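Colleague: So here's work_18.txt (compact mmCIF, C-alpha atoms).
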# COMPACT_ATOMS: atom_id res chain seq x y z
CA MET A 265 154.88 43.58 221.84
CA HIS A 266 157.47 40.80 221.99
CA ILE A 267 156.07 37.48 223.10
CA SER A 268 158.37 35.61 225.49
CA ASP A 269 159.37 31.96 225.47
CA GLY A 270 156.98 29.62 227.20
CA VAL A 271 153.81 31.58 226.58
CA LEU A 272 152.56 30.09 223.34
CA SER A 273 151.78 26.51 222.47
CA SER A 274 154.19 24.70 220.16
CA SER A 275 151.73 24.58 217.25
CA VAL A 276 151.43 28.39 217.23
CA ILE A 277 155.21 28.67 217.37
CA ILE A 278 155.62 26.32 214.41
CA VAL A 279 152.98 28.19 212.38
CA GLY A 280 154.83 31.43 213.17
CA PHE A 281 158.14 30.04 211.93
CA VAL A 282 156.62 28.59 208.76
CA ILE A 283 154.86 31.84 207.84
CA THR A 284 157.98 33.87 208.61
CA LEU A 285 160.20 31.58 206.50
CA VAL A 286 157.81 31.77 203.56
CA LEU A 287 157.51 35.54 203.83
CA LEU A 288 161.29 35.90 204.13
CA MET A 289 161.74 34.02 200.88
CA ILE A 290 158.98 35.95 199.11
CA THR A 291 160.20 39.37 200.27
CA LEU A 292 163.84 38.64 199.41
CA ARG A 293 162.90 37.29 195.98
CA CYS A 294 160.62 40.27 195.43
CA SER A 295 163.25 42.84 196.38
CA MET A 296 165.81 41.17 194.13
CA LYS A 297 163.45 41.63 191.20
CA GLN A 298 162.56 45.17 192.16
CA SER A 299 166.05 46.59 192.47
CA ASP A 300 169.66 45.81 193.07
CA VAL A 301 169.81 44.31 196.56
CA LYS A 302 173.39 45.34 197.16
CA GLU A 303 172.42 48.96 196.91
CA GLN A 304 169.87 48.29 199.63
CA ILE A 305 172.32 46.68 202.06
CA PRO A 306 173.54 49.87 203.81
CA LYS A 307 169.98 51.16 204.12
CA LEU A 308 168.82 47.80 205.42
CA SER A 309 171.60 47.67 208.03
CA VAL A 310 170.95 51.20 209.29
CA MET A 311 167.22 50.58 209.58
CA ALA A 312 167.72 47.20 211.27
CA GLY A 313 170.02 48.97 213.75
CA ALA A 314 167.40 51.63 214.45
CA PHE A 315 164.76 48.95 214.97
CA PHE A 316 167.13 47.00 217.22
CA VAL A 317 167.68 49.87 219.68
CA ALA A 318 164.20 51.42 219.42
CA SER A 319 162.81 48.70 221.66
CA LEU A 320 164.98 50.02 224.50
CA ILE A 321 162.99 53.25 224.65
CA HIS A 322 160.46 52.26 227.27
CA ILE A 323 157.39 54.19 228.20
CA PRO A 324 155.74 53.09 231.44
CA VAL A 325 152.00 52.80 230.90
CA PRO A 326 150.43 51.25 234.00
CA PRO A 327 149.90 48.36 234.48
CA THR A 328 152.56 47.49 231.92
CA SER A 329 155.45 48.97 230.03
CA VAL A 330 155.55 49.60 226.31
CA HIS A 331 158.34 50.53 223.96
CA LEU A 332 158.86 51.95 220.50
CA ILE A 333 158.57 49.46 217.64
CA LEU A 334 159.23 51.54 214.49
CA ASN A 335 157.81 48.87 212.19
CA GLY A 336 155.81 51.46 210.24
CA LEU A 337 158.95 53.47 209.55
CA MET A 338 160.74 50.27 208.52
CA GLY A 339 157.97 49.47 206.06
CA VAL A 340 157.90 52.96 204.53
CA VAL A 341 161.67 53.25 204.10
CA LEU A 342 162.62 49.65 203.30
CA GLY A 343 159.58 48.42 201.44
CA VAL A 344 159.45 44.62 201.18
CA LEU A 345 162.93 44.41 202.72
CA SER A 346 161.43 45.55 206.04
CA TYR A 347 160.46 41.93 206.74
CA PRO A 348 164.02 40.54 206.66
CA ALA A 349 165.24 43.63 208.54
CA ILE A 350 162.71 43.08 211.33
CA PHE A 351 163.69 39.41 211.44
CA ILE A 352 167.35 40.35 211.93
CA GLY A 353 166.48 43.02 214.50
CA LEU A 354 164.30 40.67 216.53
CA THR A 355 166.94 37.93 216.49
CA LEU A 356 169.53 40.36 217.84
CA GLN A 357 167.09 41.60 220.49
CA ALA A 358 166.42 38.05 221.63
CA VAL A 359 170.15 37.22 221.77
CA LEU A 360 171.42 40.41 223.37
CA PHE A 361 168.53 41.87 225.36
CA GLN A 362 166.62 38.66 226.18
CA HIS A 363 163.76 40.65 224.72
CA GLY A 364 161.19 38.28 223.31
CA GLY A 365 162.43 34.72 222.95
CA PHE A 366 164.16 32.37 220.54
CA THR A 367 161.16 30.14 220.02
CA THR A 368 158.94 33.14 219.34
CA ILE A 369 161.15 34.84 216.73
CA GLY A 370 158.88 33.47 214.00
CA ILE A 371 155.60 34.67 215.44
CA ASN A 372 157.09 37.98 216.62
CA THR A 373 158.51 38.70 213.16
CA MET A 374 155.07 37.97 211.77
CA ASN A 375 153.32 40.26 214.27
CA MET A 376 155.61 43.19 213.49
CA GLY A 377 156.65 42.42 209.91
CA ILE A 378 153.27 41.97 208.24
CA PRO A 379 152.07 45.38 209.54
CA ALA A 380 155.33 46.84 208.18
CA LEU A 381 154.53 45.43 204.74
CA LEU A 382 150.99 46.80 205.01
CA ALA A 383 152.38 50.22 206.02
CA TYR A 384 154.47 50.16 202.83
CA GLY A 385 151.38 49.43 200.78
CA ILE A 386 149.34 52.14 202.49
CA PHE A 387 152.15 54.65 201.98
CA LYS A 388 152.42 53.89 198.27
CA ILE A 389 148.66 54.05 197.69
CA GLY A 390 148.36 57.24 199.74
CA TYR A 391 151.19 58.81 197.78
CA GLN A 392 149.54 57.95 194.47
CA LYS A 393 146.30 59.45 195.73
CA GLY A 394 148.21 62.67 196.32
CA ILE A 395 147.96 62.79 200.11
CA PRO A 396 150.77 64.98 201.57
CA LEU A 397 153.83 62.92 202.43
CA VAL A 398 153.94 63.94 206.10
CA LEU A 399 150.33 62.96 206.63
CA ILE A 400 150.51 59.61 204.84
CA GLY A 401 153.80 58.87 206.64
CA ALA A 402 152.18 59.52 210.00
CA ILE A 403 149.16 57.40 209.09
CA SER A 404 151.38 54.49 207.98
CA GLY A 405 153.49 54.73 211.15
CA GLY A 406 150.55 54.81 213.52
CA LEU A 407 148.54 52.19 211.67
CA ALA A 408 151.44 49.70 211.61
CA VAL A 409 151.58 49.71 215.41
CA PHE A 410 147.83 49.37 215.61
CA ILE A 411 147.77 46.37 213.26
CA SER A 412 150.60 44.84 215.31
CA VAL A 413 148.42 45.17 218.41
CA ILE A 414 145.64 43.24 216.65
CA PHE A 415 148.13 40.55 215.55
CA LEU A 416 149.54 40.29 219.07
CA ALA A 417 146.08 39.95 220.56
CA MET A 418 145.26 37.25 218.01
CA SER A 419 148.42 35.32 218.93
CA LEU A 420 147.56 35.56 222.60
CA ILE A 421 144.01 34.27 222.28
CA THR A 422 145.55 30.90 221.48
CA THR A 423 146.75 30.86 225.10
CA GLY A 424 143.16 31.05 226.27
CA GLU A 425 142.87 34.78 226.80
CA GLU A 426 139.61 36.46 225.85
CA PHE A 427 140.24 38.32 222.58
CA ILE A 428 138.26 41.45 223.47
CA ASP A 429 139.84 41.75 226.93
CA ILE A 430 143.39 41.25 225.82
CA ALA A 431 143.00 43.34 222.67
CA ARG A 432 141.54 46.21 224.67
CA LEU A 433 144.32 46.05 227.26
CA ILE A 434 147.11 46.00 224.65
CA ALA A 435 145.42 48.63 222.48
CA ILE A 436 144.93 51.07 225.36
CA THR A 437 148.50 50.72 226.60
CA HIS A 438 149.81 51.20 223.07
CA VAL A 439 147.97 54.46 222.39
CA PRO A 440 151.05 56.54 223.33
CA ILE A 441 153.20 54.39 221.02
CA VAL A 442 150.78 54.83 218.11
CA ILE A 443 150.93 58.62 218.57
CA ILE A 444 154.72 58.75 219.01
CA GLU A 445 155.36 56.51 216.00
CA ALA A 446 152.96 58.51 213.86
CA ILE A 447 154.93 61.66 214.72
CA VAL A 448 158.32 59.95 214.26
CA THR A 449 157.40 58.33 210.94
CA GLY A 450 155.76 61.50 209.66
CA SER A 451 158.76 63.67 210.47
CA VAL A 452 161.32 61.16 209.16
CA VAL A 453 159.36 60.93 205.89
CA ALA A 454 159.18 64.73 205.63
CA PHE A 455 162.91 64.97 206.35
CA LEU A 456 163.85 62.29 203.83
CA ALA A 457 161.59 63.76 201.16
CA LYS A 458 163.53 67.01 201.48
CA VAL A 459 167.05 65.62 201.89
CA LYS A 460 167.17 62.27 200.13
CA PRO A 461 163.87 61.48 198.40
CA GLU A 462 165.33 58.45 196.61
CA LEU A 463 165.21 56.61 199.95
CA LEU A 464 161.42 56.70 199.85
CA PRO A 465 159.27 54.47 197.62
CA ILE A 466 158.09 57.40 195.51
CA ASP A 467 158.73 58.21 191.86
CA MET A 468 160.33 61.53 191.33
CA GLU A 469 158.95 61.99 187.80
CA ARG A 470 155.58 63.01 189.12
CA MET B 174 183.25 -7.04 302.70
CA ARG B 175 183.68 -9.25 299.68
CA ILE B 176 180.17 -8.63 298.52
CA SER B 177 180.60 -4.84 298.66
CA LYS B 178 183.81 -5.09 296.61
CA THR B 179 182.01 -7.01 293.89
CA LEU B 180 179.21 -4.49 294.04
CA ASN B 181 181.63 -1.60 293.70
CA PHE B 182 183.24 -3.23 290.69
CA MET B 183 179.89 -3.80 289.05
CA LEU B 184 178.92 -0.19 289.68
CA LEU B 185 182.13 0.95 288.04
CA VAL B 186 181.37 -1.19 284.99
CA LEU B 187 177.88 0.27 284.80
CA VAL B 188 179.13 3.85 285.03
CA LEU B 189 181.73 3.16 282.33
CA CYS B 190 179.09 1.62 280.09
CA THR B 191 176.78 4.62 280.31
CA THR B 192 179.55 7.12 279.70
CA LEU B 193 180.95 5.24 276.76
CA MET B 194 177.63 4.88 274.92
CA PRO B 195 175.70 8.00 275.60
CA VAL B 196 173.75 8.31 272.35
CA ALA B 197 172.69 4.78 271.83
CA SER B 198 169.84 4.98 274.25
CA ALA B 199 168.49 8.37 273.13
CA HIS B 200 165.55 8.70 270.73
CA ARG B 201 166.35 9.98 267.24
CA VAL B 202 165.00 13.47 266.75
CA TYR B 203 164.18 15.41 263.61
CA LEU B 204 164.22 19.06 262.79
CA LEU B 205 162.60 20.80 259.89
CA GLU B 206 163.26 24.41 259.18
CA GLN B 207 160.50 26.55 257.78
CA ILE B 208 160.63 29.86 256.00
CA ASN B 209 157.44 31.75 256.63
CA GLU B 210 157.12 33.82 253.54
CA VAL B 211 158.80 34.22 250.21
CA GLN B 212 158.60 37.54 248.48
CA ILE B 213 159.10 37.82 244.73
CA LYS B 214 159.22 40.92 242.61
CA SER B 215 159.19 41.17 238.85
CA TRP B 216 159.59 44.09 236.55
CA TYR B 217 159.84 44.88 232.85
CA GLY B 218 163.05 45.89 231.16
CA GLY B 219 163.29 49.61 231.85
CA GLY B 220 162.27 49.19 235.47
CA THR B 221 158.46 49.30 235.42
CA ALA B 222 156.97 46.87 237.92
CA MET B 223 154.89 44.03 236.46
CA ALA B 224 151.65 44.91 238.20
CA ASP B 225 148.64 42.60 238.15
CA ALA B 226 150.56 39.84 236.37
CA ASP B 227 149.70 36.16 236.68
CA VAL B 228 151.98 34.22 239.02
CA GLU B 229 152.35 30.47 239.13
CA ILE B 230 154.44 28.84 241.83
CA TYR B 231 155.60 25.29 241.20
CA SER B 232 157.07 23.26 244.02
CA ILE B 233 160.00 21.05 243.03
CA LYS B 234 160.52 17.89 245.07
CA ASP B 235 162.76 15.04 243.92
CA GLY B 236 162.85 16.64 240.49
CA GLN B 237 159.06 16.49 240.27
CA GLU B 238 157.44 19.79 239.52
CA GLU B 239 153.87 20.40 240.53
CA LEU B 240 151.67 23.46 240.58
CA TYR B 241 151.58 24.69 244.17
CA LEU B 242 149.62 27.90 243.91
CA GLU B 243 148.53 30.65 241.56
CA GLY B 244 147.94 34.34 242.09
CA LYS B 245 148.51 37.84 240.86
CA THR B 246 151.17 40.41 241.63
CA ASP B 247 150.16 43.61 243.41
CA SER B 248 150.61 47.11 242.01
CA GLU B 249 154.32 47.04 242.86
CA GLY B 250 154.91 43.76 241.06
CA MET B 251 155.27 41.93 244.37
CA PHE B 252 153.91 38.52 245.24
CA TYR B 253 154.13 36.69 248.57
CA PHE B 254 153.71 33.02 249.30
CA THR B 255 154.19 30.63 252.19
CA PRO B 256 156.35 27.67 251.25
CA LYS B 257 155.29 24.11 251.93
CA LEU B 258 156.91 22.49 254.93
CA GLY B 259 159.83 20.42 253.76
CA VAL B 260 159.97 21.71 250.21
CA SER B 261 162.77 24.15 249.66
CA LYS B 262 162.81 24.45 245.90
CA TYR B 263 160.28 26.37 243.87
CA ARG B 264 159.92 27.73 240.38
CA ALA B 265 158.07 31.01 240.01
CA VAL B 266 156.57 31.98 236.64
CA VAL B 267 155.29 35.52 236.15
CA SER B 268 153.46 36.41 232.95
CA ALA B 269 151.38 39.27 231.59
CA THR B 270 150.19 39.99 228.03
CA GLY B 271 152.74 37.82 226.31
CA HIS B 272 155.63 38.71 228.61
CA SER B 273 156.84 35.88 230.74
CA THR B 274 159.77 35.14 232.98
CA ASP B 275 160.64 32.38 235.40
CA LYS B 276 163.14 31.78 238.15
CA VAL B 277 164.06 28.82 240.33
CA ILE B 278 164.18 29.66 244.02
CA ASP B 279 166.17 27.23 246.17
CA PHE B 280 166.49 27.92 249.90
CA ALA B 281 168.78 24.96 250.49
CA GLY B 282 171.31 25.92 247.87
CA GLY B 283 171.20 29.60 248.67
CA MET B 284 169.84 32.13 246.27
CA GLN B 285 171.21 31.76 242.79
CA GLN B 286 173.03 34.72 241.49
CA GLU B 287 171.77 36.19 238.27
CA GLU B 288 174.26 35.20 235.64
CA ALA B 289 176.59 38.03 234.88
CA GLU B 290 175.30 40.20 232.07
CA LEU B 291 177.08 42.52 229.75
CA PRO B 292 176.30 46.15 230.43
CA LEU B 293 173.56 47.52 228.20
CA ALA B 294 175.88 49.82 226.24
CA MET B 295 178.08 46.85 225.39
CA ARG B 296 175.10 44.81 224.25
CA ILE B 297 173.97 47.63 221.96
CA PHE B 298 177.50 47.86 220.63
CA ALA B 299 177.55 44.10 220.08
CA GLY B 300 174.27 44.34 218.17
CA PHE B 301 175.70 46.94 215.81
CA GLY B 302 178.76 44.76 215.44
CA TYR B 303 176.60 41.87 214.26
CA LEU B 304 174.77 44.15 211.85
CA ILE B 305 177.97 45.48 210.33
CA GLY B 306 179.22 41.92 210.05
CA LEU B 307 176.05 40.81 208.30
CA ALA B 308 176.20 43.79 205.94
CA GLY B 309 179.82 42.94 205.21
CA ILE B 310 178.99 39.33 204.36
CA ALA B 311 176.08 40.45 202.16
CA MET B 312 178.29 42.97 200.35
CA TYR B 313 181.02 40.40 199.89
CA LEU B 314 178.55 37.96 198.32
CA ALA B 315 177.15 40.72 196.09
CA ALA B 316 180.65 41.74 195.02
CA ARG B 317 181.58 38.14 194.21
CA LYS B 318 178.46 37.77 192.12
CA LEU B 319 179.34 40.97 190.30
CA LYS B 320 182.87 39.69 189.63
CA ASN B 321 181.56 36.39 188.27
CA GLU B 322 179.28 38.20 185.86
CA HIS B 323 182.19 40.04 184.25
Would you put the structure from the file into structure tokens?

Modeller:
Amino acid sequence: MHISDGVLSSSVIIVGFVITLVLLMITLRCSMKQSDVKEQIPKLSVMAGAFFVASLIHIPVPPTSVHLILNGLMGVVLGVLSYPAIFIGLTLQAVLFQHGGFTTIGINTMNMGIPALLAYGIFKIGYQKGIPLVLIGAISGGLAVFISVIFLAMSLITTGEEFIDIARLIAITHVPIVIIEAIVTGSVVAFLAKVKPELLPIDMER
Amino acid sequence: MRISKTLNFMLLVLVLCTTLMPVASAHRVYLLEQINEVQIKSWYGGGTAMADADVEIYSIKDGQEELYLEGKTDSEGMFYFTPKLGVSKYRAVVSATGHSTDKVIDFAGGMQQEEAELPLAMRIFAGFGYLIGLAGIAMYLAARKLKNEH
């Protein structure tokens, strides 16, 4: 899921950084309006830490190797703050694990962060529609990975790969991740709803 | 009698000359070593071999890099190539679905050692350290803002 240095052309890299910078500003501004950011800091740090180590859980899927991403869970728990959290997590992964690359932090944040924001939206809408929390959590978690796969395939077509070929290859190898993340996100949401529902973007008045 | 003495002397001079300058008359010879095959292996973090990945081998001569050959790794992530005669420095690039890595291979300078890396547990620990540091800075800024408001 993480694109390495030296794969993409410089124009794609610049576009990635510009979009990520803009989205970072929007999401930070947005979260400041929504709630008190300082109350979010511990939650943000814990989630960024989870995201940071999740990529170490590798699952060999021939002919490649895939790993957990957890961007759906980030989106559901952190809301708009998931974008800055993913940015921090990816930077640390690039520095400490040589996972991904420095030049691709922008585009990688985009590929994983935008699906996280979408997962947040899906979760909120699903909750308002009255879908059970476990189910909508699982859907958000699985769908976030799937949307990331589409984004990744779209970034890679700029290198001259055939979209259908590359998208199929990445999608097939990520099927186990979609399933695992759906289960993980669903169970975390169910657990949080029971133990600490104020961590989820749901109103308790209902 | 006199003639043979002169002859003997001249012979001695000749013998001395040849022993004192043995190399000067020889032809200069060259030797070029050749390594038959270079084997490279690449794998993903976690240990899975990079099977069926694209490989590009660049030869480096006088600092000039040029594409030497292209290919694909086998199911074990291995790739073999025969080096060019006289070129001992290569750069191998292996890439698959957005993952890419490269390494310079230099026969003349010996194999480069991978730079020493922190053990994984330490790197995870370092990552959490950074996160706690960032959270601390953010909380400090928030607290200062709060103080200013009062």

Colleague: One decimal, in Å: what's the spacing between CA of Phe280 (chain B) and CA of Glu206 (chain B)?

Modeller: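 Computed distance, CA of Phe280 (chain B) to CA of Glu206 (chain B), equals 10.4 Å.
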
Colleague: Based on all atoms listed in the file, which of the residues in chain B come within 7 Å of chain A? I want them as a list in words.

Modeller: Tyr217, Gly219, Thr221, Met223, Ala224, Asp225, Gly271, His272, Ser273, Arg296, Gly300, Phe301, Leu304, Ala308, Met312 and Ala315 of chain B

Colleague: Give me, as a compact mmCIF listing (two decimals) with C-alpha atoms, in the coordinates of the input, all polymer residues having an atom no more than 10 Å from Val266 (chain B), counting only C-alpha atoms and skipping those fewer than 3 positions away in the same chain.

Modeller:
# COMPACT_ATOMS: atom_id res chain seq x y z
CA GLY A 270 156.98 29.62 227.20
CA SER B 215 159.19 41.17 238.85
CA ALA B 226 150.56 39.84 236.37
CA ASP B 227 149.70 36.16 236.68
CA VAL B 228 151.98 34.22 239.02
CA GLU B 229 152.35 30.47 239.13
CA ILE B 230 154.44 28.84 241.83
CA TYR B 231 155.60 25.29 241.20
CA GLU B 243 148.53 30.65 241.56
CA TYR B 263 160.28 26.37 243.87
CA SER B 273 156.84 35.88 230.74
CA THR B 274 159.77 35.14 232.98
CA ASP B 275 160.64 32.38 235.40
CA LYS B 276 163.14 31.78 238.15
CA VAL B 277 164.06 28.82 240.33

Colleague: Enter the distance from CA of Ser273 (chain A) to CA of Met418 (chain A), in Å, rounded to one decimal.

Modeller: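 Atom-to-atom, CA of Ser273 (chain A) to CA of Met418 (chain A), that is 13.3 Å.
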
Colleague: Which distance in Å separates CA of Leu314 (chain B) and CA of Asn335 (chain A), to one decimal?

Modeller: 27.2 Å

Colleague: Tell me which protein, DNA and RNA residues are within 8 Å of Leu285 (chain A), counting only C-alpha atoms, leaving out same-chain ones fewer than 4 positions away, and put them as number ranges by chain.

Modeller: A: 281, 289, 370

Colleague: Need the shell around Lys234 (chain B): protein/DNA/RNA residues with any atom at most 9 Å away, counting all atoms listed in the file. Skip same-chain ones fewer than 2 positions apart. Format as a PyMOL selection string?

Modeller: chain B and resi 232+236-239+260-263

Colleague: Between B:Arg201, B:Arg264, B:Lys318, B:Lys214, which one has atoms that come closest to Glu249 (chain B), using all atoms listed in the file?

Modeller: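 Of the candidates, the smallest distance to Glu249 (chain B) is held by B:Lys214.
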
Colleague: So which one's closest to Ile333 (chain A), A:Val286, A:Val442, A:Val279, A:Ala318? Using only C-alpha atoms, please.

Modeller: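 Smallest distance to Ile333 (chain A) is found for A:Ala318.
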
Colleague: List the neighbours of region 372-386 of chain A out to 6 Å using all atoms listed in the file; skip same-chain residues closer than 4 positions along the sequence, and give me the result as JSON, numbers by chain.

Modeller: {"A": [284, 335, 336, 339, 340, 343, 347, 351, 368, 390, 404, 408, 411, 412, 415]}

Colleague: Considering only C-alpha atoms, return as JSON, numbers by chain whatever protein or nucleic-acid residues lie within 6 Å of Ala402 (chain A), sequence-local ones (same chain, fewer than 3 positions apart) excluded.

Modeller: {"A": [399, 405, 446, 447, 449, 450]}
